[in-house]
>>> print(open('target.txt').read())   # compact mmCIF, C-alpha atoms
# COMPACT_ATOMS: atom_id res chain seq x y z
CA PRO A 27 10.05 106.91 102.02
CA PHE A 28 13.54 106.48 103.50
CA GLN A 29 14.15 108.99 106.31
CA ASN A 30 17.63 107.91 107.42
CA PRO A 31 20.46 105.51 106.49
CA ASP A 32 19.69 103.19 109.40
CA GLN A 33 16.31 102.48 107.85
CA ILE A 34 17.88 101.49 104.54
CA LEU A 35 20.40 99.26 106.30
CA LEU A 36 17.60 97.58 108.21
CA TYR A 37 15.54 97.01 105.06
CA LEU A 38 18.52 95.61 103.21
CA THR A 39 19.97 93.40 105.88
CA PHE A 40 17.69 92.35 108.70
CA PRO A 41 15.23 90.05 106.82
CA VAL A 42 18.03 88.37 104.86
CA CYS A 43 20.22 87.84 107.93
CA VAL A 44 17.32 86.41 109.92
CA SER A 45 16.40 83.97 107.14
CA SER A 46 20.07 83.00 106.82
CA PHE A 47 20.25 82.43 110.55
CA ILE A 48 17.24 80.11 110.43
CA SER A 49 18.40 78.07 107.42
CA ASP A 50 22.19 78.27 107.48
CA GLY A 51 23.98 80.96 109.46
CA ARG A 52 27.11 80.67 107.34
CA ARG A 53 25.27 82.43 104.53
CA SER A 54 25.04 85.56 106.69
CA LEU A 55 28.73 86.26 106.09
CA GLY A 56 28.13 86.25 102.37
CA VAL A 57 25.10 88.50 102.85
CA VAL A 58 27.23 91.07 104.65
CA LEU A 59 29.77 91.09 101.82
CA ILE A 60 26.97 91.96 99.40
CA VAL A 61 24.85 94.28 101.53
CA ILE A 62 27.54 96.54 103.00
CA PRO A 63 28.86 97.71 99.57
CA MET A 64 25.28 98.28 98.41
CA PHE A 65 24.56 100.31 101.52
CA LEU A 66 27.73 102.38 101.08
CA LEU A 67 26.70 103.16 97.52
CA VAL A 68 23.20 104.29 98.55
CA PHE A 69 24.58 106.24 101.49
CA THR A 70 27.06 108.10 99.28
CA PHE A 71 24.40 109.28 96.82
CA LYS A 72 21.43 109.88 99.14
CA PHE A 73 22.69 110.56 102.67
CA SER A 74 26.15 111.96 102.18
CA GLN A 75 25.33 114.96 104.39
CA THR A 76 24.34 112.83 107.39
CA PRO A 77 26.62 111.16 109.93
CA PHE A 78 27.76 107.68 108.93
CA PRO A 79 25.87 105.00 110.99
CA ILE A 80 28.96 103.10 112.05
CA PHE A 81 27.20 101.52 115.04
CA SER A 82 24.44 100.08 112.82
CA VAL A 83 26.99 98.64 110.40
CA ILE A 84 28.85 97.01 113.30
CA CYS A 85 25.57 95.51 114.55
CA VAL A 86 24.91 93.98 111.14
CA VAL A 87 28.40 92.42 111.04
CA LEU A 88 27.99 91.09 114.59
CA LEU A 89 24.61 89.59 113.70
CA ALA A 90 26.20 87.77 110.78
CA LEU A 91 29.09 86.51 112.92
CA ILE A 92 26.78 85.33 115.70
CA SER A 93 24.46 83.49 113.31
CA TRP A 94 27.49 81.86 111.64
CA ARG A 95 28.88 80.72 114.99
CA VAL A 96 25.52 79.37 116.13
CA SER A 97 25.20 77.47 112.85
CA VAL A 98 28.60 75.85 113.41
CA LEU A 99 27.62 74.81 116.94
CA ILE A 100 24.27 73.42 115.77
CA ASP A 101 26.00 71.39 113.05
CA LYS A 102 28.42 70.01 115.63
CA ILE A 103 25.62 69.03 118.02
CA ILE A 104 23.62 67.37 115.22
CA GLY A 105 26.74 65.50 114.12
CA GLN A 106 27.28 64.21 117.65
CA ILE A 107 23.65 63.06 117.89
CA VAL A 108 23.84 61.28 114.52
CA ASN A 109 27.10 59.58 115.53
CA ALA A 110 25.51 58.45 118.78
CA TYR A 111 22.51 56.98 116.91
CA ASP A 112 24.74 55.23 114.39
CA SER A 113 26.94 53.81 117.15
CA THR A 114 23.81 52.46 118.81
CA ILE A 115 22.75 50.81 115.54
CA ALA A 116 26.17 49.20 115.17
CA GLY A 117 25.88 48.02 118.77
CA TRP A 118 22.52 46.38 118.02
CA ALA A 119 24.07 44.54 115.08
CA GLN A 120 26.98 43.33 117.21
CA ALA A 121 24.62 42.23 119.99
CA LEU A 122 22.73 40.05 117.53
CA GLU A 123 25.96 38.51 116.27
CA LEU A 124 27.07 37.73 119.82
CA ARG A 125 23.84 35.80 120.21
CA ASN A 126 24.22 34.01 116.89
CA GLN A 127 27.98 33.44 116.87
CA GLU A 128 28.13 31.70 113.51
CA THR A 129 27.39 35.01 111.75
CA GLU A 130 30.00 36.97 113.71
CA GLY A 131 31.25 39.96 111.74
CA HIS A 132 28.76 39.42 108.89
CA SER A 133 26.95 42.78 109.24
CA LEU A 134 30.15 44.80 109.35
CA ARG A 135 31.74 42.84 106.50
CA VAL A 136 28.90 43.47 104.08
CA VAL A 137 28.55 47.21 104.77
CA GLU A 138 31.49 48.45 102.72
CA LEU A 139 30.95 46.07 99.83
CA THR A 140 27.25 46.90 99.71
CA MET A 141 27.97 50.64 99.70
CA GLN A 142 30.41 50.19 96.82
CA LEU A 143 27.78 48.32 94.85
CA ALA A 144 25.16 50.98 95.68
CA LYS A 145 27.44 53.68 94.25
CA LYS A 146 28.11 51.58 91.17
CA MET A 147 24.34 51.15 90.71
CA ARG A 148 23.92 54.94 91.05
CA LEU A 149 21.80 54.88 94.19
CA PRO A 150 20.95 58.54 95.02
CA ALA A 151 23.54 60.00 97.40
CA ASP A 152 20.85 61.21 99.81
CA ARG A 153 19.91 57.56 100.40
CA PHE A 154 23.39 56.39 101.41
CA ASP A 155 23.04 56.97 105.17
CA HIS A 156 19.67 55.17 105.29
CA PHE A 157 21.11 52.40 103.14
CA ARG A 158 24.05 51.87 105.50
CA ARG A 159 21.73 51.72 108.51
CA GLY A 160 19.49 49.23 106.75
CA VAL A 161 22.48 46.98 106.04
CA LEU A 162 23.61 47.05 109.67
CA LEU A 163 20.08 46.24 110.85
CA HIS A 164 19.20 43.72 108.15
CA ASP A 165 18.85 40.81 110.58
CA ILE A 166 17.68 42.74 113.66
CA GLY A 167 14.36 40.86 113.47
CA LYS A 168 16.19 37.69 114.51
CA MET A 169 16.15 39.09 118.03
CA GLY A 170 12.58 37.76 118.09
CA ILE A 171 13.54 34.23 117.01
CA PRO A 172 14.00 31.62 119.79
CA ASP A 173 17.54 30.37 120.39
CA SER A 174 16.40 26.80 119.75
CA ILE A 175 15.72 27.79 116.13
CA LEU A 176 18.24 30.56 115.54
CA CYS A 177 21.19 28.54 116.86
CA LYS A 178 20.05 25.08 115.78
CA PRO A 179 23.06 23.12 114.43
CA GLY A 180 21.08 21.11 111.89
CA PRO A 181 18.43 21.75 109.23
CA LEU A 182 15.20 23.44 110.30
CA THR A 183 11.84 21.67 110.20
CA ASP A 184 9.05 23.21 108.12
CA ALA A 185 7.48 24.66 111.26
CA GLU A 186 10.82 26.13 112.35
CA LYS A 187 11.33 27.64 108.91
CA ARG A 188 7.99 29.41 109.19
CA VAL A 189 9.09 30.90 112.50
CA MET A 190 12.46 31.93 111.04
CA GLN A 191 10.75 33.56 108.08
CA MET A 192 8.98 35.93 110.44
CA HIS A 193 12.19 37.81 111.25
CA PRO A 194 11.75 40.39 108.45
CA VAL A 195 8.29 41.18 109.84
CA TYR A 196 9.73 41.56 113.34
CA ALA A 197 12.37 43.90 111.90
CA ARG A 198 9.74 46.04 110.21
CA ASP A 199 7.66 46.25 113.37
CA LEU A 200 10.75 47.23 115.37
CA ILE A 201 12.19 49.81 112.98
CA LYS A 202 9.27 51.53 111.28
CA PRO A 203 7.90 53.35 114.37
CA ILE A 204 11.35 54.96 114.89
CA SER A 205 11.29 58.04 112.66
CA TYR A 206 15.08 58.19 112.46
CA LEU A 207 15.20 54.63 111.06
CA ALA A 208 11.93 54.43 109.11
CA ALA A 209 13.67 55.23 105.80
CA ALA A 210 16.03 52.27 106.34
CA VAL A 211 13.31 49.64 106.75
CA ASP A 212 13.33 48.29 103.16
CA ILE A 213 16.46 46.18 103.57
CA PRO A 214 15.53 44.47 106.88
CA TYR A 215 11.98 43.87 105.62
CA CYS A 216 12.62 42.83 102.01
CA HIS A 217 16.11 41.35 101.66
CA HIS A 218 14.76 37.78 101.56
CA GLU A 219 12.35 38.52 98.72
CA LYS A 220 13.34 36.92 95.41
CA TRP A 221 13.23 38.25 91.87
CA ASP A 222 10.83 35.47 90.77
CA GLY A 223 8.44 35.96 93.72
CA THR A 224 9.39 32.83 95.69
CA GLY A 225 10.93 34.72 98.63
CA TYR A 226 9.45 35.85 101.92
CA PRO A 227 7.71 37.38 103.84
CA ARG A 228 5.38 38.76 101.12
CA GLY A 229 6.41 36.91 97.98
CA ILE A 230 6.74 40.08 95.90
CA GLN A 231 8.78 39.94 92.71
CA GLY A 232 10.79 41.92 90.20
CA ASP A 233 10.78 45.69 90.47
CA ALA A 234 8.22 45.51 93.28
CA ILE A 235 11.14 44.58 95.54
CA PRO A 236 12.76 47.81 96.81
CA PHE A 237 15.95 48.60 94.91
CA GLU A 238 18.06 48.78 98.09
CA ALA A 239 16.90 45.32 99.15
CA ARG A 240 17.73 43.88 95.71
CA ILE A 241 21.25 45.31 95.92
CA PHE A 242 21.86 44.06 99.43
CA SER A 243 20.47 40.56 98.88
CA VAL A 244 23.25 39.79 96.39
CA VAL A 245 26.02 40.91 98.75
CA ASP A 246 24.33 39.19 101.70
CA VAL A 247 24.25 35.82 99.95
CA TRP A 248 27.81 36.31 98.70
CA ASP A 249 29.13 36.74 102.24
CA ALA A 250 26.84 34.14 103.83
CA MET A 251 27.79 31.37 101.40
CA ARG A 252 31.51 32.03 101.80
CA SER A 253 31.19 31.76 105.61
CA LYS A 254 31.03 28.59 107.66
CA ARG A 255 27.64 27.74 109.17
CA SER A 256 26.55 25.16 111.71
CA TYR A 257 24.66 23.29 109.00
CA ARG A 258 27.38 23.43 106.28
CA GLU A 259 31.00 24.28 105.57
CA ALA A 260 32.04 27.49 103.81
CA ILE A 261 31.48 27.22 100.06
CA PRO A 262 34.44 27.96 97.74
CA GLU A 263 34.34 31.35 96.04
CA THR A 264 34.20 29.95 92.52
CA GLN A 265 31.08 27.97 93.41
CA VAL A 266 29.48 31.01 95.02
CA VAL A 267 30.08 33.00 91.84
CA GLU A 268 28.48 30.25 89.77
CA TYR A 269 25.51 30.14 92.16
CA LEU A 270 24.93 33.88 91.73
CA ARG A 271 25.06 33.48 87.96
CA THR A 272 22.66 30.54 88.10
CA GLU A 273 20.20 32.48 90.25
CA LYS A 274 20.10 35.53 87.96
CA GLY A 275 16.44 36.08 87.11
CA ARG A 276 15.35 33.66 89.85
CA SER A 277 16.60 34.83 93.23
CA PHE A 278 18.33 38.02 92.09
CA ASP A 279 17.92 41.01 89.82
CA PRO A 280 20.10 40.02 86.81
CA GLN A 281 21.52 43.51 86.31
CA ILE A 282 22.64 43.74 89.94
CA VAL A 283 24.39 40.36 89.80
CA ASP A 284 26.28 41.45 86.69
CA GLU A 285 27.31 44.76 88.29
CA PHE A 286 28.39 43.00 91.49
CA LEU A 287 30.59 40.47 89.70
CA ASN A 288 32.02 43.29 87.63
CA LEU A 289 32.77 45.19 90.85
CA LEU A 290 34.66 42.16 92.16
CA LYS A 291 36.47 41.80 88.82
CA VAL A 292 35.38 38.16 88.65
CA PRO A 293 36.59 36.33 85.53
CA GLU A 294 34.19 34.84 83.03
CA PRO A 295 32.06 31.77 83.95
CA VAL A 296 33.72 28.86 85.70
CA THR A 297 33.66 25.31 84.35
CA ARG A 298 30.51 23.23 84.11
CA GLU A 299 31.95 20.91 86.78
CA ASN A 300 31.94 23.78 89.32
CA SER A 301 28.38 24.61 88.27
CA ARG A 302 27.24 21.08 89.19
CA LEU A 303 29.08 21.32 92.51
CA VAL A 304 27.45 24.52 93.68
CA LEU A 305 23.99 23.38 92.70
CA SER A 306 24.44 20.30 94.85
CA TYR A 307 23.83 22.59 97.83
CA PRO A 308 20.06 23.05 98.19
CA PRO A 309 19.48 26.85 97.91
CA ARG A 310 17.13 26.88 100.90
CA ARG A 311 20.02 25.82 103.13
CA LEU A 312 22.52 28.41 101.95
CA GLN A 313 21.31 30.92 104.52
CA ARG A 314 18.48 31.47 106.94
>>> encode(input="target.txt", output="structure tokens")
Amino acid sequence: PFQNPDQILLYLTFPVCVSSFISDGRRSLGVVLIVIPMFLLVFTFKFSQTPFPIFSVICVVLLALISWRVSVLIDKIIGQIVNAYDSTIAGWAQALELRNQETEGHSLRVVELTMQLAKKMRLPADRFDHFRRGVLLHDIGKMGIPDSILCKPGPLTDAEKRVMQMHPVYARDLIKPISYLAAAVDIPYCHHEKWDGTGYPRGIQGDAIPFEARIFSVVDVWDAMRSKRSYREAIPETQVVEYLRTEKGRSFDPQIVDEFLNLLKVPEPVTRENSRLVLSYPPRRLQR
């Protein structure tokens, strides 16, 4: 069936090189290292009396080199696009913080700590990029909240709280139609849900709350409580730790709280006096 060595070279190389070019051109170099010795072996035993097809061999090598180079360029372009998207996301987060100055730096502060906790909780590595974007955009829905409520220096009325509690829904409506960000929607939409079902906007509980949102909610409260707000002073770290312990099984997934405090290398429970102090702050006013 084989009439000449060029035909064998074509059968051996062309389909594999083309598939490599489509999926990952760098594999073409490896294909050449395998195919050329195989071709030389077949040529020696079957076509030793015919002229060696040096031009065809050169074409195969060039095809592999071209597909490898194109793959490198495509990876570079995709990397630039992804960096541009992620810079835009970070810009959105900073724009929101400029509007609501009392949370300045909050989004950026919680990113690294949240990612550390995600790794400790064995979140799949292929979710990390979506997780990071969700953290940066966790409060993007507050863009839809009026300044009179978002920046109010005192406690919110019941009606104002209902408006504020719509910001996760606004975040979902903003993010979900964007295919690049759709996989990151769980944190902006669900980070105010509570383990016992008393959170918002849907009141879901336990494992029904997305895992990423459960992880982030602990870090979010940790940073928010330790920061000064218009309606309260910053809360001492020891009291924040005791609050997290108190809210295990109520606001937070107990396992995640334990892993978070272990990550921070927090010593064993503080005194009962500190426990009474932290609980003197009504939980609904710790963050909005």
>>> atom_distance(input="target.txt", atom1="CA of Glu259 in chain A", atom2="CA of Pro280 in chain A")
26.8 Å
>>> closest_residue(input="target.txt", among="A:Cys177, A:Val245, A:Cys216, A:Ala119", to="Leu270 in chain A", atoms="only C-alpha atoms")
A:Val245
>>> residues_around(input="target.txt", residues="range 152-154 of chain A", least_positions_apart="6", cutoff="10 Å", atoms="all atoms listed in the file", output="VMD selection string")
chain A and resid 141 144 to 145 160 209 to 210 238
>>> residues_around(input="target.txt", residues="Pro236 in chain A", least_positions_apart="4", cutoff="12 Å", atoms="all atoms listed in the file", output="count of residues only")
23
>>> axis_aligned_box(input="target.txt", around="range 169-188 of chain A", padding_each_side="6 Å", output="JSON")
{"center_x": 15.3, "center_y": 30.1, "center_z": 114.3, "size_x": 27.6, "size_y": 30.0, "size_z": 24.3}
>>> closest_residue(input="target.txt", among="A:Ile84, A:Val108, A:Leu134, A:Met169", to="Met192 in chain A", atoms="all atoms listed in the file")
A:Met169
>>> closest_residue(input="target.txt", among="A:Leu66, A:Ile166, A:Val161, A:Leu207", to="Ala121 in chain A", atoms="only C-alpha atoms")
A:Ile166
>>> atom_distance(input="target.txt", atom1="CA of Lys168 in chain A", atom2="CA of His193 in chain A")
5.2 Å
>>> closest_residue(input="target.txt", among="A:Leu35, A:Val86, A:Ile80, A:Ile104", to="Val68 in chain A", atoms="only C-alpha atoms")
A:Leu35
>>> atom_distance(input="target.txt", atom1="CA of Val266 in chain A", atom2="CA of Ala250 in chain A")
9.7 Å
